[in-house]
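Note sheet for the following structure.
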Amino acid sequence: MTILNSLVAIALIYVVLLFLIAFVAERLAVRGRGRWLRSPLVYTLSLSVYCTAWTFYGAVGYAARSGLEFLTIYLGPTLVLAGWWWGLRKLVRIGRSQRITSIADLISSRFGKSNALAVIVTLMAVIGTTPYIALQLQSVTLAVSVFTGGIMAGADPRGAPDAQSVAAMVALGLALFTILFGTRNLDANERHHGVVIAIAVEAVVKLAALIAVGVFVVWELSGGIGPTLARIEASPISEWNVSPGRWMGLTFVAAAAFICLPRMFQVMVVENADERHLAVAGWAFPLYMLAMSLFVVPITVVGLDLLPAGANPDLFVLTLPLSQGRDGLAFFAFIGGFSAATSMVIVAAIALSTMVSNHIVMPIWLRFQGEGASVSGDVRHMVLLARRISIAGVVFLGYLYFRLSGGGSALAAIGLISFVGVSQFLPALIGGLFWHGATRAGAIAGLLVGFFLWVYTLLLPSLASDAQFVAGLLDQGPLGQGWLDPQALFGISGLDPLVHALVWALTLNALVFVLVSLVTTPDPIERLQGAQFVRVFDRSANAPGWSRSAAESEDLLIMAQRIIGPQEAQRLFQAESARQGLQGYLPDTTPEFINRLERELSGSVGAATAHAMIAQIVGRASVSVEDLMAVADESAQMKEHSTQLEAKSEELARTARQLRRANDKLTELSRQKDAFLSQISHELRTPMTSIRAFSEILRDGDGDPGQTGKFAGVIHDESQRLTRLLDDLLDLSVLENGQVTLNLRDGRLGQVLDHAQGAATAMGDDLRVRRERAREDVALHTDLDRLSQVFINLIANARKYCAAPRPELRIDVHTEGDAVVIDFIDNGAGIPADKQNVIFEKFARVGSDQAAGGAGLGLAICREIMTRLGGSVSYLPGQEGAAFRVILPLRAQMAAQ
Amino acid sequence: MAHGRSRLPDALAVLPLIGFLIFSVPLIWGGMEIGTATALIYLFWGWFGLCLLTAVLSTIASRRMRPDDPEAGAPDP
């Protein structure tokens, strides 16, 4: 039992180390200091999730049974990587430009953002991967059982003392790790720095472990390279005995699986930070695989030689050092296998959970929300929750499969079966990438046919030993129809079952895909997406999918904030506004902008869901004739000519847009000014009238002395009101002319806010102010009195105009770069979009707020003050009520005075 | 230079084919007396050679991707 304890201790220390590495990497990435986290080397190492425990332990067993055939598992991917320029580069480019989150997302996005297709791919991926996860759990429990007992007796995992609890513990730990680092944030690009770096470390560990065992075997047990080769010649596997069919078939399956496996797609395409990394991975990862397989044959041969006849060759990597008394080396090998198993489960769980949550959970949830995105709550939270539950679900499914199948040889064969399963994605993937004419119907039909044949010819027979029904099926065919025998379709027997299944499933899959594509017509969105995918290297292929619409920019902002977070969304909208030559957070909803927004959103929730959510706000996606023209090949030449014209007309459109806004603003202002003039004469006149009337009474002296004081009081009050109005006008004109002198002092933001809140609510505290004082501890060097004046004005405005039954003001402080951002958000009705442009102008008033007693100068003064202080104050749309954002630089760089 | 530039993609595209040929050679050994050790040595040297060739061509290619492919670059902060 002590050996089990030390084993558990070592594994625990290793896992804690991984947690630490992942944590540090995340921190570095957040602080922007993690460039090296995204080096070509790390990318190459992360590809090693391809080498699972099945290849770590199983390659030796494979070599013992079938000689050099095990190499095909590595040769296929080598060919794919050697051809990176031709295939992978396109895949990665599409993945980056379309913000693809998974292979299901890619296929669905290519074929018109179809969620049905995404669901099919997701289900196939889950079915193909679950047994594979079970296999990893089995490998760990087997390895543990080697140490705890029955080393040489050929291990049955069910016989081991704590097999179930070991598997359960491993599954639990892995789910925890994956949830912690795989769903830390809803990254716009779906990248996980912590996970990737942990995978890279595991890659080094498993390679080092295998090489250590290999070096021990070759140089210590065999006495060098020459004697080892002689030993190989003399061993039972010395005969070159590989069937050409299996050799080619397996190489092909491995190549296909390398692209199609969800976990490979995740590290290769989704986590790719730079296309150029492929140029390094193209040769470095084949070298890695070469190193992984270099010592497999020596270990096999020496193991067959030295260990008793019944020993399980799948475990030679462990049992060989153990039998020679090298416990340390055996421990190291155990950690290597543990690395291989854990990295596979982690990445597979992330990839699958992304698919399940984006394509199954989210669409269902959106449907139950009724109105959907436009009224729902925080979608981000929901997506993260869905993803966490999916991860736990995927890992639990793997564990369940392990429990039910009970390990054994059926599970060991599942590696290749799973490869054949996921390689059914290949026709749709390749067709989608290189063939304009591929259609959604074709893809669905091909996938379903391939999937069905895979289940029928490979998966079912693999379960034969467990089920009576399947055994009968194998013997006589279904319903006694011999030509439907799963392992000899149409009576073609004598093929290796795996090659048989591969040939039938993949050929018919591709055939049906092509045939159905030829007889169906793609709808416009499919055509557009197809053009964008097939011609991803031509820049011009960026055709818009949305017609001009009356979508409200503010609605889009509200939705975007809920999905990618307020800061990210505001930055996106502001950048787009700037690009259009506008100010503020609300750009015009041009088709290009909606397109870009949809791509950003699809980076978080997948293309199909993002498309559906935008469609809820924008309306049905329609494609105009011009859009289709742009897709047609004939128009390519025409486009070349019109590019210059287009650039010019775009500039004109931008200018026109600016002019239109300026004109709207001027018209509104002139209207307001007229209104103000009549109003200010009224406001000057009313106090003047009463002052004149009462002063006349006083002059004539015919009132009783008791009244005199009262009259004088009225005169005093009215003249004070006049003074205040004139003061404001004077203040504003001084600020505008730049004659003001600033009184710069050091202070704390919290104190300024305290003072402002006190002053603004002195007349009554019916307004509840919510603040987070911890965040307000920011040192300032600025004109504190002027700043306080701005705050008082904003708080007083909220107190005056917030119409909610229980008015409440939230003051939210955060720093952004070297500026501090202070948001004042109330829970009232907000300011209508058509007024947001003018509220900072002089004399601007919203509604009939004469009652409030202002002259409409407050915000204008605020804006002038903030400009003097080197910052800004603006209206922040898309919040629950009226919201104002004050931005103040931390280091005071005062505007020229 | 222009000539070399246009030929590089072709050379890169041929790589998988070369690899396929290298890895298919063992298939014609079926009837011959070639042992696992010899096959092992052949396959690993062929494999290594393919990696080397890919490395040389890819390094040249990635240098050229730098100036004229802004979209290939990393937008990471």
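By order in the structure tokens, chains are A, B, ...; within a chain, residues start at 1; ligands start at 1, following the order shown.
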Output as a Markdown table one row per residue of chain A within 6 Å of chain B: the closest atom pair and its distance in Å to one decimal place, counting only C-alpha atoms, sorted by chain and residue number ascending.
| residue | atom | partner | partner_atom | distance |
| --- | --- | --- | --- | --- |
| A:Leu79 | CA | B:Pro16 | CA | 5.0 |
| A:Ala82 | CA | B:Pro16 | CA | 5.4 |
| A:Gly83 | CA | B:Pro16 | CA | 5.1 |
| A:Trp86 | CA | B:Ala13 | CA | 5.8 |
| A:Leu229 | CA | B:Ala37 | CA | 6.0 |
| A:Ser238 | CA | B:Thr36 | CA | 4.9 |
| A:Glu239 | CA | B:Gly35 | CA | 5.3 |
| A:Trp240 | CA | B:Thr36 | CA | 5.2 |
| A:Pro244 | CA | B:Leu27 | CA | 5.7 |
| A:Ala273 | CA | B:Ala74 | CA | 5.7 |
| A:Asp274 | CA | B:Ala74 | CA | 5.0 |
| A:Glu275 | CA | B:Ala72 | CA | 5.2 |
| A:Arg276 | CA | B:Ser62 | CA | 5.8 |
| A:Ala279 | CA | B:Ser58 | CA | 5.0 |
| A:Trp283 | CA | B:Cys51 | CA | 4.9 |
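Interatomic distance, atom CA of A:Leu47 against atom CA of A:Met264: 6.8 Å.
Of note, atom CA of A:Met268 and atom CA of A:Leu448 are spaced 25.7 Å apart.
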Nearby residues (only C-alpha atoms) at most 8 Å from A:Ala125, same-chain spacing under 2 positions excluded, as a PyMOL selection string: chain A and resi 121-123+127-129+261-262+352+422
